[in-house]
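Down below is the structure, laid out as structure tokens.
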Amino acid sequence: MIISRFLKTLIPISTTSFSILKPIRSTFIRTMSSGLVFQLKLHPLTGNSEWVVIQEDQNDDVQQPLLATTSYLDMLNDSARNRAYRQAIEKTITKPSHVLDIGAGTGLLSMMAAQAMGSEGRVTACESYLPMVKLMKKVMRVNGMEGRIRVINKRSDELQVGVDIPSRADVLVSEILDSELLGEGLIPTLQHAHDNLLSENPLTVPYRATTYGQLVESSFLRQLHDLHNNEASVPDGIRLTPPGLEGVLSVKGQQYAMHCDPIRKEIKLLSEPFKIFEFDFSKRPESYGETELCAKATDDGRVHAVVSWWVLQLDREGIIYYSTAPRWISSPTTTSPIGWCDHWKQCVWFVPGNGISISKGEEICLHATHTDTSISYNFDTQVSTSEVSHHGMTAENFQLVLSPERAAIYGDKAWRLSMLKAVESVLQGRVRPLCLVADDSVFLPLLVAHLSEASHVISLLPGLKERGLQYLQGVAHDNHLSPNRIEVLGKRAKQLTLDDTDQKKVDLLIAEPFYFGNDGMLPWQNLRFWKDRTSLDSILSEDALIIPSKGILKACTISLPDLWKSRCCLGKIEGFDHSVVNGTLGACGNLPDTEEGPCLPFFVWQCGEYDVLSETFDVMEFDFSKQICQCEGKSQVNFTKSGVCHGFVLWIDWVMDLQNSVVISTGPDKRYWKQGVKLLATPRTVEPERSKNAQACCSAVLEAKFDPSNGDLKIVHEFL
């Protein structure tokens, strides 16, 4: 078996100053006794985490982009959503009532309800997240609503009639929907509300939600999950999913939020849209539901995925609608055209393996189920396989679950062959080398051990830990590796000493780099490898080779009208001033000259309409042969297209050998990696050459400075 030295000691919480919040959804805990709220903050270069206290009375005069990586700003910039809710609330609330707003956010729906009732009636706004509660109170104060709405900082299932609210509410307004519809806890929230907080036959906004699906063929979507078939054609001798263990390294069987419009030309529609589930907000929903569906094939092909979306009916009469359908679906029920937005997307559910073959006119049966928080599918034609390894263990014993993008990278032939070339190059001439894999790669330990039978491989797996160990143990035999070839340590890089390597210094330090859990972070936060390399300096041999040898920060100018609009400063939303939240939500567009918006991680290809306006240019280099240090760079680039520039896209190209011949790019044309996007406060008209348009710019200067203490990248730009 692969050797393990996992520590069982407790790791003390660091008191280091941290620079970023956990992306997308902030993790927080409220203590029941004191009512304190703790926010989890992560340090991108060390992987350390810290719980910090958020207090009700702390000074927020200096606004930090605390919630920049959440979807709040994009949601509030969704004018179609805001308009539909206002129209439905005004139509539904026609007399003084007790209105309960669950998941109130900035209080927008609460203020709409209060305005609809005039000076009478009662509105209770329930919001569990303290930073948002503080923002809500600011918004209500600015709009003169502070005395008309009662704000309660609790989860809705913590509310009690007679304690928190005087009586059951007559009306429920809520927006606790994600791209899948159920992922934010819609069902348990409605169940508790109907059981404990709402009157009999309450009015609700929204009134109903219906989910729809469509069968599709898409080689791109198949690449995002079918690692076993993807890697079958790669001639590197490594099998991450050996025969009989196809599911040992896989993506989770769930729906994934994704903009499907950008890949419309890569999708073959194999059925008409079909209705899946319907949820009536005015009634108590069931925790579990199932339905049998039969879809007739509209073309020959292979079903690789189910693309799904939902349609929201906001009023009882069925006049006001909102839809998350892709643009190829005509939606006559929607009240007005819905533009691009990032907070609600379509969902994709992958059909296992290489999909299901289907002929035009053939019926295919689909079994759909929903739980409290998710929807899943099963086809009657799916063949269940019993996966058994050579040593009698099933894949479930050591299954490793990765993101779709990571699974696609591991199955990508070009990426695998690039890694093969780089590792072969650095192993050349090395006798019994000691190789240390510093990151969470499960591919590199197998590759090094396969290419050099005399090597000893140590893998840190700082994020995957025991799961990574169990996986490597499970596939080692099928990759023809002896038991003692790979050793997995349970230590961080800074904890390693020569005692851990039997007094032998490391000859090869290598990484992809990939750190489990960093998928939502900015590209340069993978410079954690450089931080680790610095921590390991004392155990590296004098002629140690380090791969990647360097990172190159690259950039280009870009037109991103949809993303820019979604990240604009808020003013009045349906008549309610929201300008006080811009700093906290990380607004970028239309900022005052004295303020700067944050750089944020996005899959650029998923950001609606976009157009690259310049050549790619180098900003700075990070030399991993040296210890981590402050870096800065400055470049000027000329525009190659006329258009409107909304910002810069930045990424890192990883140089994987000393000859600079193997480079792994993570730029906007590489759809498996996120890039950093720096949006301008004011878009600029640009042209390739000087013209009579005095306002048009023909070049731009970008200057960047990397801070090794916190992983921050400060960006300054000028248009000429």
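Chain identifiers are assigned as A, B, and so on, following the order in which chains appear in the structure tokens; residues are numbered from 1 within each chain, and ligands are numbered from 1 in order of appearance.
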
Skipping near chain neighbours, those fewer than 2 positions away, what residues fall within 7 Å of A:Leu45 using only C-alpha atoms, listed as a PyMOL selection string?
chain A and resi 43+47+525+527-528+531+710-711

Test item, helix (DSSP H, G or I) assignment across stretch 401-600 of chain A, answer as a ChimeraX atom specification:
/A:404-410,413-427,443-451,465-479,493-495,498-501,523-535,537-539,561-566,579-585

How would the residues just picked look written out with C-alpha atoms as a JSON list (two decimals), in the first residue's frame?
[["chain", "number", "residue", "atom", "x", "y", "z"],
["A", 404, "PRO", "CA", -16.21, 19.15, -13.89],
["A", 405, "GLU", "CA", -13.43, 21.47, -15.05],
["A", 406, "ARG", "CA", -10.76, 19.52, -13.14],
["A", 407, "ALA", "CA", -12.08, 16.24, -14.53],
["A", 408, "ALA", "CA", -11.92, 17.72, -18.03],
["A", 409, "ILE", "CA", -8.32, 18.89, -17.49],
["A", 410, "TYR", "CA", -7.27, 15.41, -16.35],
["A", 413, "LYS", "CA", -4.89, 14.93, -24.23],
["A", 414, "ALA", "CA", -2.90, 18.13, -24.89],
["A", 415, "TRP", "CA", -2.58, 18.90, -21.17],
["A", 416, "ARG", "CA", -1.52, 15.34, -20.31],
["A", 417, "LEU", "CA", 1.09, 15.20, -23.07],
["A", 418, "SER", "CA", 2.46, 18.59, -22.00],
["A", 419, "MET", "CA", 2.87, 17.30, -18.46],
["A", 420, "LEU", "CA", 4.47, 14.12, -19.80],
["A", 421, "LYS", "CA", 7.01, 16.10, -21.84],
["A", 422, "ALA", "CA", 7.84, 18.39, -18.89],
["A", 423, "VAL", "CA", 8.35, 15.56, -16.39],
["A", 424, "GLU", "CA", 10.37, 13.46, -18.83],
["A", 425, "SER", "CA", 12.63, 16.47, -19.36],
["A", 426, "VAL", "CA", 13.36, 17.10, -15.68],
["A", 427, "LEU", "CA", 13.89, 13.40, -14.88],
["A", 443, "PHE", "CA", -1.89, 12.82, -11.71],
["A", 444, "LEU", "CA", 1.70, 13.93, -11.11],
["A", 445, "PRO", "CA", 2.60, 11.37, -8.39],
["A", 446, "LEU", "CA", 1.47, 8.55, -10.68],
["A", 447, "LEU", "CA", 3.25, 10.08, -13.69],
["A", 448, "VAL", "CA", 6.61, 10.52, -11.93],
["A", 449, "ALA", "CA", 6.48, 7.03, -10.41],
["A", 450, "HIS", "CA", 5.58, 5.58, -13.81],
["A", 451, "LEU", "CA", 8.39, 7.36, -15.71],
["A", 465, "LYS", "CA", -5.53, 14.68, 2.44],
["A", 466, "GLU", "CA", -6.94, 11.25, 3.37],
["A", 467, "ARG", "CA", -9.26, 11.20, 0.35],
["A", 468, "GLY", "CA", -6.30, 11.66, -1.97],
["A", 469, "LEU", "CA", -4.34, 8.99, -0.12],
["A", 470, "GLN", "CA", -7.18, 6.47, -0.42],
["A", 471, "TYR", "CA", -7.55, 7.24, -4.12],
["A", 472, "LEU", "CA", -3.83, 6.74, -4.85],
["A", 473, "GLN", "CA", -3.90, 3.50, -2.88],
["A", 474, "GLY", "CA", -6.88, 2.35, -4.92],
["A", 475, "VAL", "CA", -5.37, 2.95, -8.38],
["A", 476, "ALA", "CA", -1.66, 2.24, -7.72],
["A", 477, "HIS", "CA", -1.90, -1.48, -8.47],
["A", 478, "ASP", "CA", -3.79, -0.83, -11.72],
["A", 479, "ASN", "CA", -0.98, 1.56, -12.75],
["A", 493, "ALA", "CA", 4.89, 22.51, 3.23],
["A", 494, "LYS", "CA", 6.13, 24.79, 6.01],
["A", 495, "GLN", "CA", 6.11, 21.86, 8.47],
["A", 498, "LEU", "CA", 14.68, 16.48, 6.57],
["A", 499, "ASP", "CA", 13.31, 14.01, 9.12],
["A", 500, "ASP", "CA", 10.36, 13.55, 6.79],
["A", 501, "THR", "CA", 12.63, 12.67, 3.86],
["A", 523, "PRO", "CA", -5.53, 32.80, -10.99],
["A", 524, "TRP", "CA", -2.59, 34.27, -9.08],
["A", 525, "GLN", "CA", -3.80, 32.73, -5.85],
["A", 526, "ASN", "CA", -2.32, 29.49, -7.19],
["A", 527, "LEU", "CA", 1.00, 31.22, -6.46],
["A", 528, "ARG", "CA", 0.57, 29.36, -3.22],
["A", 529, "PHE", "CA", 3.00, 26.99, -4.94],
["A", 530, "TRP", "CA", 5.63, 29.74, -4.82],
["A", 531, "LYS", "CA", 4.91, 30.23, -1.11],
["A", 532, "ASP", "CA", 5.28, 26.48, -0.56],
["A", 533, "ARG", "CA", 8.50, 26.41, -2.59],
["A", 534, "THR", "CA", 9.90, 29.13, -0.30],
["A", 535, "SER", "CA", 8.90, 27.20, 2.83],
["A", 537, "ASP", "CA", 13.89, 25.89, 0.56],
["A", 538, "SER", "CA", 15.92, 24.26, 3.35],
["A", 539, "ILE", "CA", 15.17, 20.71, 2.16],
["A", 561, "PRO", "CA", -20.92, 44.68, -21.92],
["A", 562, "ASP", "CA", -23.11, 42.10, -20.15],
["A", 563, "LEU", "CA", -20.73, 41.49, -17.26],
["A", 564, "TRP", "CA", -19.99, 45.22, -16.88],
["A", 565, "LYS", "CA", -23.70, 46.01, -16.67],
["A", 566, "SER", "CA", -24.23, 43.31, -14.05],
["A", 579, "SER", "CA", -26.31, 53.40, -3.56],
["A", 580, "VAL", "CA", -25.14, 52.76, 0.02],
["A", 581, "VAL", "CA", -24.39, 49.08, -0.73],
["A", 582, "ASN", "CA", -22.04, 49.55, -3.69],
["A", 583, "GLY", "CA", -18.78, 49.38, -1.74],
["A", 584, "THR", "CA", -19.70, 46.26, 0.22],
["A", 585, "LEU", "CA", -21.04, 44.43, -2.83]]

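One finds atom CA of A:Ile510 at 21.5 Å from atom CA of A:Leu249.
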
Pairwise distance for atom CA of A:Ala116 and atom CA of A:Glu90, rounded to one decimal in Å:
5.5 Å

For A:Leu570, please output as number ranges by chain all residues within 9 Å (counting only C-alpha atoms; exclusion window: fewer than 2 positions along the same chain).
A: 73, 76-77, 567-568, 572-573, 577-582, 587, 590

If you count only C-alpha atoms, which residues fall within 6 Å of A:Ser559, apart from same-chain ones fewer than 3 positions away, as a short mmCIF file (atom, residue, chain, number, x, y, z; two decimals) with N, CA, C and O atoms, in the first residue's frame?
data_model
loop_
_atom_site.label_atom_id
_atom_site.label_comp_id
_atom_site.auth_asym_id
_atom_site.auth_seq_id
_atom_site.Cartn_x
_atom_site.Cartn_y
_atom_site.Cartn_z
N TYR A 610 -18.77 39.00 -25.44
CA TYR A 610 -17.42 39.51 -25.19
C TYR A 610 -16.62 39.52 -26.48
O TYR A 610 -16.89 38.77 -27.42
N ASP A 611 -15.60 40.39 -26.51
CA ASP A 611 -14.75 40.51 -27.69
C ASP A 611 -13.38 40.99 -27.23
O ASP A 611 -13.27 42.02 -26.54
N VAL A 644 -15.72 49.09 -27.67
CA VAL A 644 -15.82 49.68 -26.34
C VAL A 644 -15.12 48.74 -25.37
O VAL A 644 -15.51 47.58 -25.22
N CYS A 645 -14.08 49.24 -24.71
CA CYS A 645 -13.33 48.44 -23.76
C CYS A 645 -13.95 48.56 -22.37
O CYS A 645 -14.14 49.68 -21.86
N HIS A 646 -14.25 47.42 -21.78
CA HIS A 646 -14.85 47.41 -20.43
C HIS A 646 -13.86 46.98 -19.36
O HIS A 646 -14.19 47.03 -18.17
#

Quick one: pick out all strand (DSSP E or B) residues within stretch 570-612 of chain A from a backbone DSSP run and write them as a ChimeraX atom specification.
/A:572-573,576-577,589,600-602,611-612

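Checking A:Ile329, A:Met258, A:Ala193, A:Leu434 one by one against A:Trp605, counting only C-alpha atoms, you find the shortest gap at A:Met258.
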
Could you tell me how far atom CA of A:Val677 sits from atom CA of A:Thr70, in Å to one decimal place?
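Computed distance, atom CA of A:Thr70 to atom CA of A:Val677, equals 15.1 Å.
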
Find the residues of stretch 550-617 of chain A that sit at most 12 Å from stretch 656-676 of chain A; for each, write down the nearest two atoms and how far apart they are in Å, to one decimal. Count only C-alpha atoms. Sort by chain, then by number going up, and give it as CSV.
residue,atom,partner,partner_atom,distance
A:Lys550,CA,A:Met656,CA,7.5
A:Gly551,CA,A:Met656,CA,8.9
A:Ile552,CA,A:Ser665,CA,9.4
A:Leu553,CA,A:Gly667,CA,10.1
A:Lys554,CA,A:Gly667,CA,7.9
A:Ala555,CA,A:Gly667,CA,8.4
A:Cys556,CA,A:Pro668,CA,9.4
A:Thr557,CA,A:Pro668,CA,11.2
A:Ile558,CA,A:Pro668,CA,10.3
A:Pro598,CA,A:Gly676,CA,9.9
A:Cys599,CA,A:Gly676,CA,6.1
A:Leu600,CA,A:Gly676,CA,5.4
A:Pro601,CA,A:Gly676,CA,4.6
A:Phe602,CA,A:Lys674,CA,5.1
A:Phe603,CA,A:Lys674,CA,4.5
A:Val604,CA,A:Pro668,CA,5.7
A:Trp605,CA,A:Pro668,CA,6.7
A:Gln606,CA,A:Arg671,CA,8.8
A:Cys607,CA,A:Pro668,CA,10.7
A:Tyr610,CA,A:Pro668,CA,10.4
A:Asp611,CA,A:Pro668,CA,10.6
A:Val612,CA,A:Pro668,CA,9.3
A:Thr616,CA,A:Gly667,CA,9.3
A:Phe617,CA,A:Gly667,CA,11.4

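The environment of A:Cys365 within 7 Å, counting only C-alpha atoms and disregarding residues fewer than 4 places along the same chain, consists of Leu293, Cys294, Ala295, Phe379 and Asp380 of chain A.
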
Export N, CA and C atoms of the chosen residues as a PDB file, in the first residue's frame?
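Output below, filename again.pdb:
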ATOM      1  N   LEU A 293     -41.005  10.377 -16.997  1.00  0.00           N
ATOM      2  CA  LEU A 293     -41.163  11.169 -18.203  1.00  0.00           C
ATOM      3  C   LEU A 293     -40.723  10.364 -19.405  1.00  0.00           C
ATOM      4  N   CYS A 294     -41.394  10.556 -20.517  1.00  0.00           N
ATOM      5  CA  CYS A 294     -40.975   9.947 -21.769  1.00  0.00           C
ATOM      6  C   CYS A 294     -40.797  11.044 -22.803  1.00  0.00           C
ATOM      7  N   ALA A 295     -39.605  11.125 -23.385  1.00  0.00           N
ATOM      8  CA  ALA A 295     -39.310  12.135 -24.397  1.00  0.00           C
ATOM      9  C   ALA A 295     -39.045  11.444 -25.722  1.00  0.00           C
ATOM     10  N   PHE A 379     -32.035   7.332 -16.285  1.00  0.00           N
ATOM     11  CA  PHE A 379     -32.637   6.805 -17.505  1.00  0.00           C
ATOM     12  C   PHE A 379     -32.858   5.303 -17.371  1.00  0.00           C
ATOM     13  N   ASP A 380     -33.979   4.837 -17.892  1.00  0.00           N
ATOM     14  CA  ASP A 380     -34.289   3.412 -17.812  1.00  0.00           C
ATOM     15  C   ASP A 380     -33.256   2.575 -18.559  1.00  0.00           C
TER      16      ASP A 380
END

Name the residues in contact with A:Val205 at a cut-off of 7 Å, using only C-alpha atoms, excluding same-chain residues fewer than 6 positions from it; report them as a ChimeraX atom specification.
/A:88-89,172-174,314-315

Residues just named, written with all heavy atoms as a PDB file, in the first residue's frame:
ATOM      1  N   ALA A  88     -45.746  42.045  -9.398  1.00  0.00           N
ATOM      2  CA  ALA A  88     -46.489  40.971  -8.726  1.00  0.00           C
ATOM      3  C   ALA A  88     -46.877  41.378  -7.309  1.00  0.00           C
ATOM      4  O   ALA A  88     -47.991  41.071  -6.844  1.00  0.00           O
ATOM      5  CB  ALA A  88     -45.657  39.695  -8.711  1.00  0.00           C
ATOM      6  N   ILE A  89     -45.990  42.053  -6.600  1.00  0.00           N
ATOM      7  CA  ILE A  89     -46.298  42.491  -5.234  1.00  0.00           C
ATOM      8  C   ILE A  89     -47.423  43.520  -5.242  1.00  0.00           C
ATOM      9  O   ILE A  89     -48.361  43.447  -4.437  1.00  0.00           O
ATOM     10  CB  ILE A  89     -45.027  43.045  -4.559  1.00  0.00           C
ATOM     11  CG1 ILE A  89     -44.092  41.880  -4.194  1.00  0.00           C
ATOM     12  CG2 ILE A  89     -45.360  43.856  -3.311  1.00  0.00           C
ATOM     13  CD1 ILE A  89     -42.732  42.294  -3.694  1.00  0.00           C
ATOM     14  N   LEU A 172     -46.593  35.957   1.996  1.00  0.00           N
ATOM     15  CA  LEU A 172     -45.174  35.605   1.976  1.00  0.00           C
ATOM     16  C   LEU A 172     -44.553  36.128   0.689  1.00  0.00           C
ATOM     17  O   LEU A 172     -45.016  35.813  -0.408  1.00  0.00           O
ATOM     18  CB  LEU A 172     -44.998  34.089   2.043  1.00  0.00           C
ATOM     19  CG  LEU A 172     -43.564  33.574   1.839  1.00  0.00           C
ATOM     20  CD1 LEU A 172     -42.660  34.003   2.993  1.00  0.00           C
ATOM     21  CD2 LEU A 172     -43.537  32.055   1.675  1.00  0.00           C
ATOM     22  N   VAL A 173     -43.509  36.930   0.822  1.00  0.00           N
ATOM     23  CA  VAL A 173     -42.692  37.299  -0.335  1.00  0.00           C
ATOM     24  C   VAL A 173     -41.294  36.738  -0.086  1.00  0.00           C
ATOM     25  O   VAL A 173     -40.791  36.779   1.034  1.00  0.00           O
ATOM     26  CB  VAL A 173     -42.643  38.826  -0.568  1.00  0.00           C
ATOM     27  CG1 VAL A 173     -44.019  39.362  -0.883  1.00  0.00           C
ATOM     28  CG2 VAL A 173     -42.043  39.558   0.607  1.00  0.00           C
ATOM     29  N   SER A 174     -40.691  36.203  -1.117  1.00  0.00           N
ATOM     30  CA  SER A 174     -39.388  35.578  -0.926  1.00  0.00           C
ATOM     31  C   SER A 174     -38.668  35.464  -2.259  1.00  0.00           C
ATOM     32  O   SER A 174     -39.293  35.432  -3.325  1.00  0.00           O
ATOM     33  CB  SER A 174     -39.530  34.178  -0.308  1.00  0.00           C
ATOM     34  OG  SER A 174     -40.259  33.326  -1.189  1.00  0.00           O
ATOM     35  N   LEU A 314     -45.144  34.624 -11.019  1.00  0.00           N
ATOM     36  CA  LEU A 314     -45.119  35.444  -9.811  1.00  0.00           C
ATOM     37  C   LEU A 314     -46.497  35.807  -9.283  1.00  0.00           C
ATOM     38  O   LEU A 314     -46.645  36.104  -8.096  1.00  0.00           O
ATOM     39  CB  LEU A 314     -44.295  36.721 -10.052  1.00  0.00           C
ATOM     40  CG  LEU A 314     -42.782  36.442 -10.122  1.00  0.00           C
ATOM     41  CD1 LEU A 314     -42.288  36.405 -11.548  1.00  0.00           C
ATOM     42  CD2 LEU A 314     -42.007  37.452  -9.314  1.00  0.00           C
ATOM     43  N   ASP A 315     -47.528  35.791 -10.133  1.00  0.00           N
ATOM     44  CA  ASP A 315     -48.874  36.150  -9.670  1.00  0.00           C
ATOM     45  C   ASP A 315     -49.822  34.980  -9.866  1.00  0.00           C
ATOM     46  O   ASP A 315     -49.577  34.072 -10.662  1.00  0.00           O
ATOM     47  CB  ASP A 315     -49.390  37.379 -10.427  1.00  0.00           C
ATOM     48  CG  ASP A 315     -49.561  37.097 -11.913  1.00  0.00           C
ATOM     49  OD1 ASP A 315     -48.755  36.306 -12.467  1.00  0.00           O
ATOM     50  OD2 ASP A 315     -50.488  37.646 -12.523  1.00  0.00           O
TER      51      ASP A 315
END

Which residues are near A:Glu362? Cut-off 7 Å, only C-alpha atoms, ignore same chain within fewer than 2 positions. Put them as a list in words.
Lys296, Ala297, Ile358, Ser359, Lys360 and Ile364 of chain A

Can I get the selected residues back with all heavy atoms, as a PDB file, in the first residue's frame?
ATOM      1  N   LYS A 296     -39.584  11.988 -26.797  1.00  0.00           N
ATOM      2  CA  LYS A 296     -39.371  11.424 -28.125  1.00  0.00           C
ATOM      3  C   LYS A 296     -38.191  12.130 -28.778  1.00  0.00           C
ATOM      4  O   LYS A 296     -38.123  13.366 -28.802  1.00  0.00           O
ATOM      5  CB  LYS A 296     -40.626  11.583 -28.978  1.00  0.00           C
ATOM      6  CG  LYS A 296     -40.500  10.972 -30.378  1.00  0.00           C
ATOM      7  CD  LYS A 296     -41.806  11.064 -31.147  1.00  0.00           C
ATOM      8  CE  LYS A 296     -42.837  10.092 -30.589  1.00  0.00           C
ATOM      9  NZ  LYS A 296     -44.039  10.024 -31.462  1.00  0.00           N
ATOM     10  N   ALA A 297     -37.262  11.357 -29.304  1.00  0.00           N
ATOM     11  CA  ALA A 297     -36.067  11.925 -29.925  1.00  0.00           C
ATOM     12  C   ALA A 297     -36.436  12.683 -31.193  1.00  0.00           C
ATOM     13  O   ALA A 297     -37.160  12.172 -32.049  1.00  0.00           O
ATOM     14  CB  ALA A 297     -35.064  10.825 -30.236  1.00  0.00           C
ATOM     15  N   ILE A 358     -29.488   7.185 -29.275  1.00  0.00           N
ATOM     16  CA  ILE A 358     -30.928   7.306 -29.510  1.00  0.00           C
ATOM     17  C   ILE A 358     -31.167   7.624 -30.986  1.00  0.00           C
ATOM     18  O   ILE A 358     -30.346   8.284 -31.632  1.00  0.00           O
ATOM     19  CB  ILE A 358     -31.538   8.405 -28.596  1.00  0.00           C
ATOM     20  CG1 ILE A 358     -33.057   8.324 -28.585  1.00  0.00           C
ATOM     21  CG2 ILE A 358     -31.068   9.784 -28.999  1.00  0.00           C
ATOM     22  CD1 ILE A 358     -33.696   9.212 -27.521  1.00  0.00           C
ATOM     23  N   SER A 359     -32.269   7.112 -31.525  1.00  0.00           N
ATOM     24  CA  SER A 359     -32.620   7.349 -32.926  1.00  0.00           C
ATOM     25  C   SER A 359     -33.842   8.253 -33.011  1.00  0.00           C
ATOM     26  O   SER A 359     -34.697   8.254 -32.112  1.00  0.00           O
ATOM     27  CB  SER A 359     -32.922   6.021 -33.630  1.00  0.00           C
ATOM     28  OG  SER A 359     -31.803   5.161 -33.569  1.00  0.00           O
ATOM     29  N   LYS A 360     -33.923   9.005 -34.078  1.00  0.00           N
ATOM     30  CA  LYS A 360     -35.048   9.922 -34.269  1.00  0.00           C
ATOM     31  C   LYS A 360     -36.371   9.155 -34.201  1.00  0.00           C
ATOM     32  O   LYS A 360     -36.536   8.101 -34.808  1.00  0.00           O
ATOM     33  CB  LYS A 360     -34.923  10.627 -35.616  1.00  0.00           C
ATOM     34  CG  LYS A 360     -35.996  11.671 -35.855  1.00  0.00           C
ATOM     35  CD  LYS A 360     -35.773  12.415 -37.165  1.00  0.00           C
ATOM     36  CE  LYS A 360     -36.865  13.459 -37.382  1.00  0.00           C
ATOM     37  NZ  LYS A 360     -36.651  14.217 -38.651  1.00  0.00           N
ATOM     38  N   ILE A 364     -37.471   7.780 -25.111  1.00  0.00           N
ATOM     39  CA  ILE A 364     -36.547   7.467 -24.027  1.00  0.00           C
ATOM     40  C   ILE A 364     -37.201   7.882 -22.719  1.00  0.00           C
ATOM     41  O   ILE A 364     -37.768   8.983 -22.610  1.00  0.00           O
ATOM     42  CB  ILE A 364     -35.186   8.174 -24.236  1.00  0.00           C
ATOM     43  CG1 ILE A 364     -34.186   7.757 -23.161  1.00  0.00           C
ATOM     44  CG2 ILE A 364     -35.330   9.677 -24.316  1.00  0.00           C
ATOM     45  CD1 ILE A 364     -32.758   8.183 -23.460  1.00  0.00           C
TER      46      ILE A 364
END

So, with only C-alpha atoms as the atoms that count, which of A:Met117, A:Val216, A:Val248, A:Ala368 lies closest to A:Ile276?
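Nearest to A:Ile276: A:Ala368.
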